[in-house]
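Novice: my_file32.txt is reproduced below (compact mmCIF, C-alpha atoms).
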# COMPACT_ATOMS: atom_id res chain seq x y z
CA MET Q 1 6.96 -19.50 72.25
CA ASP Q 2 5.24 -21.44 69.51
CA GLN Q 3 6.70 -24.95 69.09
CA ARG Q 4 8.11 -24.44 65.58
CA TYR Q 5 9.49 -21.00 66.46
CA ARG Q 6 11.15 -22.46 69.54
CA ALA Q 7 12.65 -25.34 67.53
CA LEU Q 8 14.18 -23.01 64.93
CA PHE Q 9 15.41 -20.55 67.57
CA VAL Q 10 17.03 -23.04 69.96
CA ASN Q 11 18.50 -25.09 67.10
CA SER Q 12 20.25 -21.90 65.93
CA LEU Q 13 22.10 -21.33 69.18
CA SER Q 14 24.89 -23.90 69.10
CA GLY Q 15 26.39 -22.44 65.90
CA PHE Q 16 27.33 -24.09 62.62
CA LYS Q 17 26.69 -27.82 62.49
CA SER Q 18 28.03 -30.71 60.47
CA ALA Q 19 25.87 -32.14 57.66
CA ASN Q 20 25.97 -35.92 57.37
CA LEU Q 21 23.80 -38.59 55.84
CA VAL Q 22 23.47 -41.71 57.98
CA GLY Q 23 23.27 -44.89 55.92
CA THR Q 24 21.86 -48.10 57.42
CA LYS Q 25 20.12 -51.33 56.46
CA ASP Q 26 17.52 -53.29 58.35
CA GLN Q 27 17.84 -57.03 58.91
CA ALA Q 28 15.81 -57.73 55.78
CA GLY Q 29 18.27 -55.67 53.72
CA LEU Q 30 16.15 -52.55 53.17
CA THR Q 31 18.35 -49.47 53.04
CA ASN Q 32 17.64 -46.30 54.98
CA LEU Q 33 19.17 -42.85 54.70
CA THR Q 34 18.64 -39.75 56.81
CA ILE Q 35 20.31 -36.39 57.22
CA VAL Q 36 21.58 -35.41 60.65
CA SER Q 37 23.25 -32.28 61.99
CA SER Q 38 24.13 -33.83 65.34
CA VAL Q 39 27.33 -35.71 64.52
CA PHE Q 40 30.34 -34.66 66.56
CA HIS Q 41 33.91 -35.65 67.27
CA VAL Q 42 34.36 -37.71 70.44
CA GLY Q 43 37.99 -38.78 70.38
CA ALA Q 44 40.93 -39.57 68.12
CA ASN Q 45 42.43 -42.53 69.94
CA PRO Q 46 40.41 -44.70 69.90
CA PRO Q 47 38.72 -43.01 66.91
CA LEU Q 48 35.16 -42.26 68.01
CA MET Q 49 32.26 -40.17 66.78
CA GLY Q 50 28.96 -39.33 68.41
CA LEU Q 51 25.48 -38.90 66.99
CA LEU Q 52 22.55 -37.61 68.99
CA MET Q 53 19.17 -39.03 68.03
CA ARG Q 54 16.13 -36.97 68.83
CA PRO Q 55 13.01 -39.09 68.58
CA HIS Q 56 10.96 -36.25 67.12
CA ASN Q 57 13.11 -35.29 64.16
CA VAL Q 58 15.06 -38.37 63.23
CA PRO Q 59 13.19 -41.34 61.80
CA ARG Q 60 13.33 -44.18 64.28
CA ASP Q 61 14.30 -46.57 61.48
CA THR Q 62 17.88 -45.32 61.64
CA LEU Q 63 18.22 -45.89 65.36
CA GLU Q 64 16.63 -49.34 65.19
CA ASN Q 65 18.84 -50.37 62.28
CA ILE Q 66 21.98 -49.28 64.12
CA LYS Q 67 20.99 -51.18 67.23
CA GLN Q 68 20.15 -54.30 65.26
CA THR Q 69 23.02 -54.42 62.76
CA LYS Q 70 25.67 -52.61 64.87
CA VAL Q 71 27.00 -50.72 61.85
CA PHE Q 72 26.26 -47.47 60.03
CA THR Q 73 27.88 -45.03 57.65
CA LEU Q 74 28.31 -41.26 57.79
CA ASN Q 75 28.58 -39.39 54.50
CA HIS Q 76 29.42 -35.69 54.24
CA VAL Q 77 26.77 -33.66 52.47
CA ASN Q 78 28.25 -31.47 49.75
CA LYS Q 79 26.71 -28.56 47.88
CA GLN Q 80 25.64 -30.68 44.88
CA ILE Q 81 23.51 -33.03 47.01
CA ALA Q 82 22.27 -30.60 49.67
CA ALA Q 83 18.67 -30.47 48.42
CA ALA Q 84 18.42 -34.27 48.06
CA ALA Q 85 20.04 -34.70 51.46
CA HIS Q 86 17.50 -32.34 53.06
CA GLN Q 87 14.70 -34.31 51.41
CA THR Q 88 15.73 -37.47 53.34
CA SER Q 89 14.24 -35.80 56.42
CA ALA Q 90 10.71 -36.27 55.04
CA ARG Q 91 8.68 -38.95 56.82
CA TYR Q 92 8.62 -41.71 54.26
CA ASP Q 93 6.95 -45.03 55.04
CA HIS Q 94 9.21 -47.65 56.54
CA SER Q 95 9.00 -49.65 53.30
CA VAL Q 96 10.48 -46.79 51.23
CA SER Q 97 14.25 -46.44 50.91
CA GLU Q 98 15.28 -42.78 51.01
CA PHE Q 99 17.93 -43.66 48.42
CA ASP Q 100 15.16 -44.45 45.92
CA ALA Q 101 13.02 -41.52 46.99
CA THR Q 102 15.75 -38.89 46.68
CA GLY Q 103 17.87 -40.24 43.84
CA LEU Q 104 21.01 -40.66 45.93
CA THR Q 105 23.00 -43.79 45.07
CA PRO Q 106 23.85 -46.59 47.51
CA TRP Q 107 27.47 -47.75 47.27
CA TYR Q 108 29.31 -50.49 49.15
CA SER Q 109 32.92 -50.95 50.10
CA GLU Q 110 34.45 -54.39 49.96
CA THR Q 111 34.43 -54.84 53.70
CA PHE Q 112 31.44 -53.02 55.12
CA SER Q 113 27.79 -54.05 55.07
CA ALA Q 114 26.11 -50.68 55.63
CA PRO Q 115 25.40 -48.52 52.56
CA TYR Q 116 27.43 -45.46 51.69
CA VAL Q 117 26.25 -42.53 49.56
CA LYS Q 118 28.15 -42.67 46.30
CA GLU Q 119 27.83 -38.91 45.69
CA SER Q 120 29.45 -38.06 49.03
CA ARG Q 121 33.15 -37.28 48.91
CA LEU Q 122 33.93 -38.21 52.50
CA LYS Q 123 32.51 -41.53 53.69
CA ILE Q 124 33.00 -43.06 57.12
CA GLY Q 125 32.09 -46.61 58.21
CA LEU Q 126 31.40 -47.05 61.92
CA SER Q 127 30.54 -49.84 64.30
CA LEU Q 128 28.28 -49.26 67.28
CA ASP Q 129 30.22 -48.82 70.52
CA THR Q 130 27.64 -47.72 73.08
CA VAL Q 131 24.29 -45.98 73.45
CA HIS Q 132 23.88 -43.41 76.23
CA LEU Q 133 20.51 -42.16 77.35
CA ILE Q 134 20.48 -38.39 77.97
CA GLU Q 135 18.06 -38.29 80.88
CA ALA Q 136 17.41 -34.56 80.59
CA ASN Q 137 15.22 -35.10 77.52
CA GLN Q 138 15.25 -38.83 76.77
CA THR Q 139 17.37 -38.53 73.66
CA GLU Q 140 19.89 -41.20 72.78
CA LEU Q 141 23.56 -40.66 72.14
CA ILE Q 142 25.14 -43.18 69.80
CA ILE Q 143 28.90 -43.60 70.13
CA GLY Q 144 30.44 -45.18 67.02
CA ARG Q 145 33.94 -46.46 66.42
CA ILE Q 146 35.47 -45.50 63.07
CA GLU Q 147 36.25 -48.62 61.03
CA GLU Q 148 37.10 -47.11 57.65
CA VAL Q 149 37.38 -43.72 55.92
CA ILE Q 150 36.97 -43.24 52.19
CA VAL Q 151 38.33 -39.94 50.91
CA ASP Q 152 40.51 -38.71 48.06
CA GLU Q 153 44.08 -38.60 49.41
CA ALA Q 154 44.65 -35.37 47.50
CA VAL Q 155 42.65 -33.42 50.11
CA VAL Q 156 44.52 -34.86 53.09
CA THR Q 157 47.32 -32.46 53.92
CA GLN Q 158 50.74 -33.59 55.11
CA ASP Q 159 49.91 -33.00 58.75
CA GLY Q 160 46.67 -35.03 58.69
CA TYR Q 161 44.17 -32.17 58.23
CA ILE Q 162 41.46 -33.03 55.70
CA ASP Q 163 40.45 -30.06 53.56
CA ILE Q 164 36.70 -30.66 53.71
CA GLU Q 165 36.07 -27.22 52.24
CA GLN Q 166 37.77 -28.41 49.05
CA LEU Q 167 35.38 -31.40 49.08
CA GLY Q 168 32.45 -28.97 49.05
CA SER Q 169 31.17 -30.17 52.42
CA VAL Q 170 28.43 -27.91 53.74
CA ALA Q 171 27.51 -26.60 57.19
CA ILE Q 172 24.00 -26.44 58.63
CA THR Q 173 22.29 -23.73 60.67
CA SER Q 174 19.21 -24.39 62.75
CA LEU Q 175 16.89 -26.92 61.06
CA ASP Q 176 17.02 -25.89 57.42
CA GLY Q 177 19.93 -23.56 56.56
CA TYR Q 178 22.76 -24.84 54.34
CA HIS Q 179 26.05 -23.00 53.88
CA SER Q 180 29.23 -23.26 51.89
CA THR Q 181 32.42 -21.98 53.49
CA GLN Q 182 35.53 -19.90 52.88
CA ARG Q 183 38.59 -20.56 54.95
CA ILE Q 184 39.75 -17.61 57.04
CA ALA Q 185 42.92 -19.31 58.28
CA ARG Q 186 44.45 -22.27 59.95
CA TYR Q 187 46.13 -20.99 63.09
CA SER Q 188 49.31 -22.38 64.58
CA TYR Q 189 49.16 -24.41 67.79
CA ALA Q 190 48.48 -21.87 70.54
CA GLN Q 191 51.20 -21.24 73.09
CA PRO Q 192 51.08 -18.83 76.04
CA ASP Q 193 54.12 -16.79 75.00
CA ARG Q 194 53.27 -15.97 71.40
CA LYS Q 195 50.38 -14.83 69.21
CA PRO Q 196 48.65 -17.27 66.85
CA GLU Q 197 49.93 -17.12 63.26
CA PRO Q 198 47.96 -18.12 60.19
CA LYS Q 199 49.60 -21.09 58.48
CA GLY Q 200 49.18 -22.81 55.12
CA MET G 1 49.71 -42.87 62.62
CA ASP G 2 51.64 -40.23 64.50
CA GLN G 3 49.63 -38.75 67.38
CA ARG G 4 49.33 -35.21 66.00
CA TYR G 5 48.52 -36.48 62.49
CA ARG G 6 45.86 -38.76 63.93
CA ALA G 7 44.36 -35.90 65.98
CA LEU G 8 44.09 -33.60 62.95
CA PHE G 9 42.77 -36.37 60.70
CA VAL G 10 40.10 -37.77 63.01
CA ASN G 11 39.02 -34.31 64.13
CA SER G 12 38.37 -33.49 60.46
CA LEU G 13 35.89 -36.30 59.94
CA SER G 14 32.74 -35.08 61.65
CA GLY G 15 32.47 -32.03 59.36
CA PHE G 16 32.10 -28.35 60.19
CA LYS G 17 31.93 -27.56 63.89
CA SER G 18 30.58 -24.73 65.98
CA ALA G 19 33.02 -22.22 67.47
CA ASN G 20 32.20 -21.10 70.99
CA LEU G 21 34.05 -19.53 73.88
CA VAL G 22 33.14 -20.99 77.27
CA GLY G 23 33.19 -18.38 80.02
CA THR G 24 33.43 -19.42 83.68
CA LYS G 25 34.62 -18.19 87.06
CA ASP G 26 36.15 -20.14 89.89
CA GLN G 27 34.89 -19.79 93.47
CA ALA G 28 37.48 -17.12 94.18
CA GLY G 29 36.15 -15.05 91.26
CA LEU G 30 38.98 -15.65 88.76
CA THR G 31 37.59 -15.72 85.22
CA ASN G 32 38.43 -18.40 82.68
CA LEU G 33 37.80 -18.54 78.96
CA THR G 34 38.42 -21.33 76.47
CA ILE G 35 37.46 -22.07 72.90
CA VAL G 36 35.58 -25.29 72.16
CA SER G 37 34.33 -26.86 68.96
CA SER G 38 32.29 -29.54 70.73
CA VAL G 39 29.09 -27.66 71.55
CA PHE G 40 25.96 -29.20 70.10
CA HIS G 41 22.20 -28.89 70.22
CA VAL G 42 20.50 -31.37 72.54
CA GLY G 43 16.87 -30.30 72.61
CA ALA G 44 14.53 -27.35 72.25
CA ASN G 45 12.01 -28.12 74.97
CA PRO G 46 13.45 -28.04 77.56
CA PRO G 47 16.17 -25.92 75.92
CA LEU G 48 19.41 -27.90 76.30
CA MET G 49 22.90 -27.79 74.88
CA GLY G 50 25.77 -30.25 75.18
CA LEU G 51 29.50 -29.75 75.46
CA LEU G 52 32.02 -32.56 75.31
CA MET G 53 35.14 -32.06 77.38
CA ARG G 54 38.24 -33.93 76.35
CA PRO G 55 40.76 -33.90 79.18
CA HIS G 56 43.69 -33.54 76.78
CA ASN G 57 42.65 -30.48 74.83
CA VAL G 58 40.40 -28.50 77.09
CA PRO G 59 41.89 -26.92 80.20
CA ARG G 60 40.49 -28.65 83.24
CA ASP G 61 39.81 -25.26 84.82
CA THR G 62 36.67 -24.90 82.73
CA LEU G 63 35.25 -28.26 83.76
CA GLU G 64 36.06 -27.70 87.43
CA ASN G 65 34.54 -24.23 87.38
CA ILE G 66 31.31 -25.53 85.81
CA LYS G 67 31.03 -28.30 88.36
CA GLN G 68 31.68 -25.93 91.24
CA THR G 69 29.61 -22.92 90.23
CA LYS G 70 26.94 -24.73 88.14
CA VAL G 71 26.87 -21.96 85.52
CA PHE G 72 28.75 -21.10 82.34
CA THR G 73 28.37 -19.00 79.23
CA LEU G 74 28.76 -19.85 75.55
CA ASN G 75 29.74 -17.05 73.18
CA HIS G 76 29.81 -17.42 69.41
CA VAL G 77 33.20 -16.75 67.88
CA ASN G 78 33.00 -14.30 64.99
CA LYS G 79 35.55 -13.48 62.33
CA GLN G 80 36.88 -10.39 64.15
CA ILE G 81 37.83 -12.38 67.27
CA ALA G 82 38.84 -15.70 65.69
CA ALA G 83 42.58 -15.32 66.33
CA ALA G 84 42.10 -14.21 69.94
CA ALA G 85 39.59 -17.02 70.46
CA HIS G 86 42.06 -19.59 69.13
CA GLN G 87 44.71 -18.22 71.48
CA THR G 88 42.56 -19.13 74.51
CA SER G 89 43.51 -22.76 73.80
CA ALA G 90 47.09 -22.11 74.96
CA ARG G 91 47.96 -23.64 78.31
CA TYR G 92 48.08 -20.64 80.56
CA ASP G 93 48.72 -21.04 84.26
CA HIS G 94 45.65 -21.41 86.42
CA SER G 95 46.27 -17.94 87.88
CA VAL G 96 46.04 -16.27 84.45
CA SER G 97 42.66 -15.23 83.06
CA GLU G 98 42.46 -15.89 79.33
CA PHE G 99 40.44 -12.67 79.09
CA ASP G 100 43.52 -10.71 80.16
CA ALA G 101 45.89 -12.82 78.09
CA THR G 102 43.97 -12.49 74.83
CA GLY G 103 42.42 -9.03 75.13
CA LEU G 104 38.83 -10.26 75.05
CA THR G 105 36.52 -8.36 77.35
CA PRO G 106 34.48 -9.89 80.18
CA TRP G 107 30.90 -8.63 80.32
CA TYR G 108 28.08 -9.44 82.74
CA SER G 109 24.33 -9.45 82.38
CA GLU G 110 22.18 -8.27 85.26
CA THR G 111 21.12 -11.73 86.27
CA PHE G 112 23.96 -14.12 85.52
CA SER G 113 27.19 -14.63 87.45
CA ALA G 114 29.36 -16.26 84.74
CA PRO G 115 31.30 -13.94 82.43
CA TYR G 116 30.26 -13.35 78.83
CA VAL G 117 32.55 -12.20 76.02
CA LYS G 118 31.59 -8.63 75.15
CA GLU G 119 32.86 -8.94 71.55
CA SER G 120 30.65 -11.96 70.83
CA ARG G 121 27.35 -11.20 69.11
CA LEU G 122 25.49 -14.26 70.36
CA LYS G 123 25.80 -14.98 74.06
CA ILE G 124 24.10 -17.80 75.94
CA GLY G 125 23.92 -18.29 79.71
CA LEU G 126 23.51 -21.88 80.89
CA SER G 127 23.08 -23.74 84.15
CA LEU G 128 24.56 -27.19 84.64
CA ASP G 129 21.98 -29.94 84.22
CA THR G 130 23.98 -33.18 84.25
CA VAL G 131 27.41 -34.62 83.51
CA HIS G 132 27.62 -37.91 81.61
CA LEU G 133 30.77 -39.98 81.49
CA ILE G 134 31.46 -41.36 78.00
CA GLU G 135 33.00 -44.70 78.97
CA ALA G 136 34.49 -45.35 75.54
CA ASN G 137 37.22 -42.77 76.14
CA GLN G 138 36.60 -41.26 79.58
CA THR G 139 35.47 -37.90 78.24
CA GLU G 140 32.75 -35.95 80.00
CA LEU G 141 29.58 -34.68 78.42
CA ILE G 142 28.17 -31.56 80.06
CA ILE G 143 24.46 -30.97 79.54
CA GLY G 144 23.47 -27.36 80.16
CA ARG G 145 20.09 -25.71 80.36
CA ILE G 146 19.71 -22.42 78.54
CA GLU G 147 18.85 -19.64 80.98
CA GLU G 148 19.27 -16.56 78.81
CA VAL G 149 20.16 -15.58 75.25
CA ILE G 150 21.63 -12.22 74.31
CA VAL G 151 21.39 -11.41 70.62
CA ASP G 152 20.34 -8.49 68.42
CA GLU G 153 16.67 -9.03 67.60
CA ALA G 154 17.30 -7.79 64.07
CA VAL G 155 18.93 -11.12 63.13
CA VAL G 156 16.08 -13.25 64.49
CA THR G 157 13.73 -13.94 61.60
CA GLN G 158 9.97 -14.12 61.97
CA ASP G 159 9.94 -17.89 62.19
CA GLY G 160 12.55 -18.08 64.95
CA TYR G 161 15.64 -18.80 62.80
CA ILE G 162 18.68 -16.78 63.95
CA ASP G 163 20.81 -15.60 61.05
CA ILE G 164 24.18 -16.43 62.62
CA GLU G 165 25.89 -15.89 59.28
CA GLN G 166 24.88 -12.24 59.48
CA LEU G 167 26.48 -12.14 62.94
CA GLY G 168 29.75 -13.26 61.39
CA SER G 169 29.83 -16.49 63.40
CA VAL G 170 32.56 -18.83 62.15
CA ALA G 171 32.79 -22.60 61.68
CA ILE G 172 35.76 -24.75 62.69
CA THR G 173 37.41 -27.65 60.87
CA SER G 174 39.64 -30.15 62.62
CA LEU G 175 41.71 -28.50 65.36
CA ASP G 176 42.76 -25.23 63.79
CA GLY G 177 40.74 -24.28 60.67
CA TYR G 178 38.39 -21.28 60.82
CA HIS G 179 35.81 -20.52 58.13
CA SER G 180 33.28 -17.88 57.24
CA THR G 181 30.14 -19.00 55.42
CA GLN G 182 27.82 -18.18 52.55
CA ARG G 183 24.25 -19.37 52.70
CA ILE G 184 23.24 -21.72 49.90
CA ALA G 185 19.57 -21.86 50.89
CA ARG G 186 17.08 -22.50 53.58
CA TYR G 187 14.93 -25.40 52.41
CA SER G 188 11.26 -25.84 53.13
CA TYR G 189 10.13 -28.50 55.61
CA ALA G 190 10.60 -31.81 53.78
CA GLN G 191 7.50 -33.79 52.86
CA PRO G 192 7.37 -37.14 51.06
CA ASP G 193 5.22 -35.94 48.17
CA ARG G 194 7.12 -32.86 47.06
CA LYS G 195 10.64 -31.64 46.38
CA PRO G 196 12.37 -29.24 48.78
CA GLU G 197 12.14 -25.59 47.75
CA PRO G 198 14.57 -22.87 48.74
CA LYS G 199 12.82 -20.27 50.89
CA GLY G 200 13.67 -16.78 52.11
Would you give me this structure, written as structure tokens?
Specialist:
Amino acid sequence: MDQRYRALFVNSLSGFKSANLVGTKDQAGLTNLTIVSSVFHVGANPPLMGLLMRPHNVPRDTLENIKQTKVFTLNHVNKQIAAAAHQTSARYDHSVSEFDATGLTPWYSETFSAPYVKESRLKIGLSLDTVHLIEANQTELIIGRIEEVIVDEAVVTQDGYIDIEQLGSVAITSLDGYHSTQRIARYSYAQPDRKPEPKG
Amino acid sequence: MDQRYRALFVNSLSGFKSANLVGTKDQAGLTNLTIVSSVFHVGANPPLMGLLMRPHNVPRDTLENIKQTKVFTLNHVNKQIAAAAHQTSARYDHSVSEFDATGLTPWYSETFSAPYVKESRLKIGLSLDTVHLIEANQTELIIGRIEEVIVDEAVVTQDGYIDIEQLGSVAITSLDGYHSTQRIARYSYAQPDRKPEPKG
């Protein structure tokens, strides 16, 4: 297999992926922003998220900034900013902020030093917990602890579920596919003695 | 926060998640099947996928079977089997095969001993590479090496991208939301000096 063909093919296999922009700053205060499709849930208590960094398709600036400053933000990509978000994956010089280059707007909460994306409708501030090396291919797994969540309360349902579809959050396929979604159902908690029922 | 509220809330934060059924067998030949939303791409060369196992919401049978037999399958959940797939998360006794309990059909390739899901339209056979312990919350990260992929060639585009939307693959939100998708665009490879263009 050709290298690009292989990358597109294997990246398709896991299924739909989350679309997040990682916001960081270096020690001199220069902001950095990059799209990632490798964010995943790690645990609810303590609240943890993971982010896999592949040296070849994530700018190293992000990883270095996280290691140096110990904080970063995750910002859901929505349909309106999908093209700009994708553009953050271009290899800009270290001296260029992807906020400036793509027209996305840095925004700060009162308590957190890493930059959020103003246009994102679900923003998460995280502190670095640990970095694991995945020996199989020398990638690095960042584990972050959730410090704050900024989201409109109107999309948080009574049971805690956040309706990210209503926020316009998108899903990614492979390296370059972006998708909006339509909810099929939320299913009731599965139990051995009954069939799952759609709820809500 | 109440425990169930917290679980739904924090599980919502990462964004859309892949929906896969993990097929395994124990050493006595009893099949096991469970839905997971924690599968992610690790690398294309060598071809690797990751799967995070949280002791509290994935039956331990799956993890034990993978460690013992060193093989497992991943099977994309599509819209037609979403309810049955969700039902595999019920806590059946060890002696019950979730294939029997949910009506999904075990299927075997000529070369691979772990069971696939016949109704799934993208099936992946993997061998166990490594298990990493995530110290932050004592979860286990399974790294698997892709051994075979079973998919209709008609949905593999010329450049290697697999059109999983055409397969009807679904995305998951939080613990119980299932979604179909609509492609917004595939964007061209991002370069600093030009804007991303939709392609295909």
Novice: Quick check, in Å to one decimal: how far apart do atom CA of G:Thr102 and atom CA of G:Gly177 lie?
Specialist: 18.7 Å
Novice: Please report the interatomic distance between atom CA of G:Phe72 and atom CA of G:Ala7 in Å with one decimal.
Specialist: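 Calculated distance between atom CA of G:Phe72 and atom CA of G:Ala7 is 27.0 Å.
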Novice: In Å to one decimal, how far is atom CA of G:Ala82 from atom CA of Q:Lys199?
Specialist: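 Answer for the atom CA of Q:Lys199 to atom CA of G:Ala82 separation: 14.0 Å.
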Novice: Nearest residue to G:Leu8 out of Q:Ala44, Q:Val36, Q:Ala154, Q:Val96, using only C-alpha atoms?
Specialist: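 Distance minimum relative to G:Leu8 lands on Q:Ala44.
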Novice: Could you name the residues that touch G:Pro47 at 12 Å or less, counting all atoms listed in the file, but leaving out those on the same chain fewer than 6 positions away, as a PyMOL selection string?
Specialist: (chain Q and resi 1+3+6-14+136-137) or (chain G and resi 40-41+124-127+129+143-149)
Novice: Q:Glu110: which residues within 12 Å, counting all atoms listed in the file, same-chain residues fewer than 3 positions away excluded, as a PyMOL selection string?
Specialist: chain Q and resi 107+113-116+125+148+150
